[in-house]
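Okay, so here's the structure we're looking at.
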Amino acid sequence: MPKYLPISFLLIIVLALSSCTALNITPTVTVEPTILRPLAPTATAVPTEAPTTTVEPTATPSPSAPQPITLTDDLNRKVELPGPAQRIVSLAASNTEILYAIGAGAQVVGRDAYSDYPDEAKSVQNIGDGISGFNTEMIVSLKPDLVLAAEIIAPEQVKALEDLGLKIYWLGNPKTIEEMYAKLQVVAQLTGHVDETGKLIDSLKARVTAVDEKIAGVKDHTVVFYELDATNPAAPYTSGPGTFIDLLLTRAGGKNLGSSMQGQWVQFSLEALIKADPQIILLGDALWGGITPEQVAARAGWEALSAVKEGHIYPFDDNLISRPGPRMVDGLEQLAKLLHPDLFK
């Protein structure tokens, strides 16, 4: 056996290895680069500098695994998810608005029949509603990893959906605007949009603070009758104490006539209405019933009201103050401007 391999034989090996590299095949023969170098005159034949053609691996690191989520909903039920929900069915318009507002709209695969905001939500699969009935077969076929319910969904309905193998989170109504922020944070955790939601809440807080500061000096609170349904003009329905409407009217510097009544949705007799003599009438039924200020002014007996005499009858988008979500702040701003226009010039 010769002490050194012939140079021609070594060149053949090098060419073979070059071909393997071009085909991305890992060679099984390792050739030390010093074999091809002439022997140095001293005993130190190993190069002292690092090779200049080192190739680092190019593998793309895999994304970190999603972290499990465990939260207790407002029915005191523990809800566990393997990670942020990616396929969500919303059972309430308020929940749908929250999901889109925090940046989770693309994750919504089903929505209730009343979810009409934002416009993008209308293109999502309609799964019915809690009054006429949800299409449970449709919900199951959508394969949601989370069904987001609201307080309008009865616990019995939640149980029926759970029995179908669905994961349900029941989101209760906030009692204040500040509690609404907390509800947004809960949905953010469930969907993986914590950072976006934090920025949204900061913006909402700033807008509410701006209204609070303008209203802070108001001493005469405008008396308001908020009309929900006047199918019977002699006994129209209004919003009682503890409702979102009552909350926002008060915070906007108004006095809700319905706050003195018993119950959340109450009828107000025409006699009591004339006696209270509201300064402003807001038509929450303008949105769904098409009621106009002209129609109100033409009602028998209503011509005695100061709001009618002075033309202070205004249609109002009831969705802004009846759906517990981010647009409650829009409702607060609009109410404050209607009740105290001089403060918002």
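Labeling convention for the structure tokens: chains A, B, ... as they appear, residues from 1 per chain, ligands from 1 in order of appearance.
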Extract, using only C-alpha atoms, all DNA, RNA and protein residues at most 9 Å from segment 223-237 of chain A, discarding same-chain residues fewer than 6 positions from it, and format them as an mmCIF file with C-alpha atoms, in the first residue's frame.
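The file below, out-v5.cif, is the result:
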```cif
data_model
loop_
_atom_site.group_PDB
_atom_site.id
_atom_site.type_symbol
_atom_site.label_atom_id
_atom_site.label_comp_id
_atom_site.auth_asym_id
_atom_site.auth_seq_id
_atom_site.Cartn_x
_atom_site.Cartn_y
_atom_site.Cartn_z
ATOM 1 C CA ILE A 245 -79.608 52.961 28.250
ATOM 2 C CA LEU A 249 -78.008 58.541 29.664
ATOM 3 C CA GLY A 254 -79.138 63.282 31.408
ATOM 4 C CA LYS A 255 -81.985 62.090 33.623
ATOM 5 C CA ASN A 256 -83.740 58.987 32.350
ATOM 6 C CA LEU A 257 -87.490 59.174 33.048
ATOM 7 C CA GLY A 258 -87.596 55.379 33.144
ATOM 8 C CA TRP A 265 -88.468 47.442 30.228
ATOM 9 C CA VAL A 266 -91.559 49.336 31.359
ATOM 10 C CA GLN A 267 -94.617 51.116 30.017
ATOM 11 C CA PHE A 268 -95.039 54.814 30.775
ATOM 12 C CA SER A 269 -98.580 56.160 30.719
ATOM 13 C CA LEU A 270 -99.283 59.265 28.663
ATOM 14 C CA GLU A 271 -100.559 61.006 31.791
ATOM 15 C CA LEU A 273 -95.329 61.391 30.564
ATOM 16 C CA ALA A 276 -92.863 64.547 33.832
ATOM 17 C CA ASP A 277 -92.643 66.692 30.670
ATOM 18 C CA PRO A 278 -89.329 65.526 29.159
ATOM 19 C CA GLN A 279 -87.070 68.073 27.507
ATOM 20 C CA ILE A 280 -85.857 65.580 24.904
ATOM 21 C CA ILE A 281 -87.420 62.491 23.320
ATOM 22 C CA LEU A 282 -85.051 59.934 21.812
ATOM 23 C CA LEU A 283 -86.509 57.407 19.365
ATOM 24 C CA GLY A 284 -84.805 54.069 19.870
ATOM 25 C CA ASP A 285 -87.598 52.556 17.746
ATOM 26 C CA ALA A 286 -86.586 54.669 14.755
ATOM 27 C CA GLY A 289 -89.829 50.651 13.511
ATOM 28 C CA ILE A 291 -90.663 56.031 13.727
ATOM 29 C CA VAL A 296 -94.495 61.553 17.302
ATOM 30 C CA ARG A 299 -99.871 61.655 18.252
ATOM 31 C CA ALA A 300 -102.938 62.631 20.215
ATOM 32 C CA GLY A 301 -102.006 64.293 23.500
ATOM 33 C CA TRP A 302 -98.269 64.441 22.782
ATOM 34 C CA ASP A 318 -80.447 51.889 19.569
ATOM 35 C CA LEU A 339 -78.129 66.536 25.596
#
```
ask   = Would you give me, as a PyMOL selection string, the residues in segment 188-316 of chain A that DSSP reads as alpha helix (DSSP H)?
value = chain A and resi 188-191+194-215+244-251+270-276+286-289+293-297+306-309
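Minimum atom-to-atom distance to Asp74 of chain A, evaluated using only C-alpha atoms, belongs to A:Leu148 out of A:Ile201, A:Leu332, A:Leu164, A:Leu148.
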request  = Could you give me, as number ranges by chain, the residues within 10 Å of Leu166 of chain A, counting only C-alpha atoms and dropping anything in the same chain fewer than 6 positions from it?
outcome  = A: 139-140, 143-147, 158-160
task = For segment 210-217 of chain A, list every protein, DNA or RNA residue within 9 Å, evaluated using only C-alpha atoms, and leave out those in the same chain fewer than 4 positions away; present the list as JSON, numbers by chain.
result = {"A": [205, 206, 251, 252, 253, 332, 333, 336, 340, 343, 344]}
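Computed from the coordinates, the atom CA of Lys199 of chain A to atom CA of Pro326 of chain A distance equals 12.5 Å.
Straight-line separation from atom CA of Gly105 of chain A to atom CA of Gln334 of chain A: 25.7 Å.
Between atom CA of Lys122 of chain A and atom CA of Ala149 of chain A there is a distance of 18.2 Å.
Residue-level DSSP output for segment 183-339 of chain A, from the backbone, shows strand (DSSP E or B) at Thr222, Val223, Val224, Phe225, Tyr226, Glu227, Leu228, Asp229, Tyr237, Thr238, Ser239, Gly254, Lys255, Asn256, Trp265, Val266, Gln267, Ile280, Ile281, Leu282, Leu283, Ile313, Tyr314 and Pro315 of chain A.
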Next, dump the selected residues to file, keeping only C-alpha atoms, as a PDB file, in the first residue's frame.
```pdb
ATOM      1  CA  THR A 222     -81.580  67.105  30.840  1.00  0.00           C
ATOM      2  CA  VAL A 223     -84.811  65.111  31.343  1.00  0.00           C
ATOM      3  CA  VAL A 224     -85.028  62.441  28.631  1.00  0.00           C
ATOM      4  CA  PHE A 225     -87.718  60.013  27.527  1.00  0.00           C
ATOM      5  CA  TYR A 226     -86.153  57.146  25.586  1.00  0.00           C
ATOM      6  CA  GLU A 227     -88.807  55.474  23.453  1.00  0.00           C
ATOM      7  CA  LEU A 228     -88.412  51.767  22.790  1.00  0.00           C
ATOM      8  CA  ASP A 229     -91.871  50.935  21.433  1.00  0.00           C
ATOM      9  CA  TYR A 237     -92.326  51.371  26.456  1.00  0.00           C
ATOM     10  CA  THR A 238     -89.126  52.843  27.826  1.00  0.00           C
ATOM     11  CA  SER A 239     -85.934  51.678  29.505  1.00  0.00           C
ATOM     12  CA  GLY A 254     -79.138  63.282  31.408  1.00  0.00           C
ATOM     13  CA  LYS A 255     -81.985  62.090  33.623  1.00  0.00           C
ATOM     14  CA  ASN A 256     -83.740  58.987  32.350  1.00  0.00           C
ATOM     15  CA  TRP A 265     -88.468  47.442  30.228  1.00  0.00           C
ATOM     16  CA  VAL A 266     -91.559  49.336  31.359  1.00  0.00           C
ATOM     17  CA  GLN A 267     -94.617  51.116  30.017  1.00  0.00           C
ATOM     18  CA  ILE A 280     -85.857  65.580  24.904  1.00  0.00           C
ATOM     19  CA  ILE A 281     -87.420  62.491  23.320  1.00  0.00           C
ATOM     20  CA  LEU A 282     -85.051  59.934  21.812  1.00  0.00           C
ATOM     21  CA  LEU A 283     -86.509  57.407  19.365  1.00  0.00           C
ATOM     22  CA  ILE A 313     -87.269  64.770  19.117  1.00  0.00           C
ATOM     23  CA  TYR A 314     -84.342  62.803  17.722  1.00  0.00           C
ATOM     24  CA  PRO A 315     -84.011  59.357  16.092  1.00  0.00           C
TER      25      PRO A 315
END
```
Shell of 7 Å around segment 178-187 of chain A, only C-alpha atoms, local chain residues under 3 positions omitted, as a ChimeraX atom specification = /A:98,174-175,190-191,194,197,201,324-325
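The shortest atom-to-atom distance to Ile274 of chain A, with only C-alpha atoms taken into account, belongs to A:Ser306 out of A:Ser123, A:Ser306, A:Thr292, A:Ser141.
Minimum atom-to-atom distances from A:Leu99, A:Ala104, A:Ala65, A:Met261 to Gly83 of chain A were compared using only C-alpha atoms, and the lowest value belongs to A:Ala65.
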task = Excluding Val79 of chain A and residues on its chain fewer than 6 positions from it, collect all residues at most 7 Å away from it, counting only C-alpha atoms, and give them as a ChimeraX atom specification.
result = /A:70-73,169
Please produce a file of the residues just selected, as an mmCIF file, in the first residue's frame, where the atoms kept are N, CA and C atoms.
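Saved file again26.cif follows:
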```
data_model
loop_
_atom_site.group_PDB
_atom_site.id
_atom_site.type_symbol
_atom_site.label_atom_id
_atom_site.label_comp_id
_atom_site.auth_asym_id
_atom_site.auth_seq_id
_atom_site.Cartn_x
_atom_site.Cartn_y
_atom_site.Cartn_z
ATOM 1 N N THR A 70 -57.070 28.608 30.293
ATOM 2 C CA THR A 70 -58.095 28.178 31.239
ATOM 3 C C THR A 70 -58.707 29.411 31.878
ATOM 4 N N LEU A 71 -59.992 29.630 31.635
ATOM 5 C CA LEU A 71 -60.715 30.762 32.193
ATOM 6 C C LEU A 71 -62.048 30.291 32.770
ATOM 7 N N THR A 72 -62.565 31.022 33.734
ATOM 8 C CA THR A 72 -63.875 30.738 34.316
ATOM 9 C C THR A 72 -64.873 31.742 33.768
ATOM 10 N N ASP A 73 -65.945 31.248 33.138
ATOM 11 C CA ASP A 73 -66.895 32.170 32.514
ATOM 12 C C ASP A 73 -67.874 32.724 33.551
ATOM 13 N N TYR A 169 -68.216 29.444 25.935
ATOM 14 C CA TYR A 169 -67.868 30.451 26.953
ATOM 15 C C TYR A 169 -69.029 31.432 27.031
#
```
task = Quick one: everything within 9 Å of Glu196 of chain A, counting only C-alpha atoms, minus sequence neighbours fewer than 6 positions away in the same chain. Send it as a ChimeraX atom specification.
result = /A:102-103,188
Using N, CA and C atoms, can you write the selected residues to a file as a short mmCIF file (atom, residue, chain, number, x, y, z; two decimals), in the first residue's frame?
```cif
data_model
loop_
_atom_site.label_atom_id
_atom_site.label_comp_id
_atom_site.auth_asym_id
_atom_site.auth_seq_id
_atom_site.Cartn_x
_atom_site.Cartn_y
_atom_site.Cartn_z
N ILE A 102 -61.60 43.73 18.30
CA ILE A 102 -60.29 43.38 18.86
C ILE A 102 -59.38 42.73 17.83
N GLY A 103 -59.86 42.56 16.60
CA GLY A 103 -59.01 42.00 15.55
C GLY A 103 -59.20 40.52 15.29
N ALA A 188 -60.16 38.79 24.37
CA ALA A 188 -58.81 38.88 23.81
C ALA A 188 -57.98 37.68 24.19
#
```
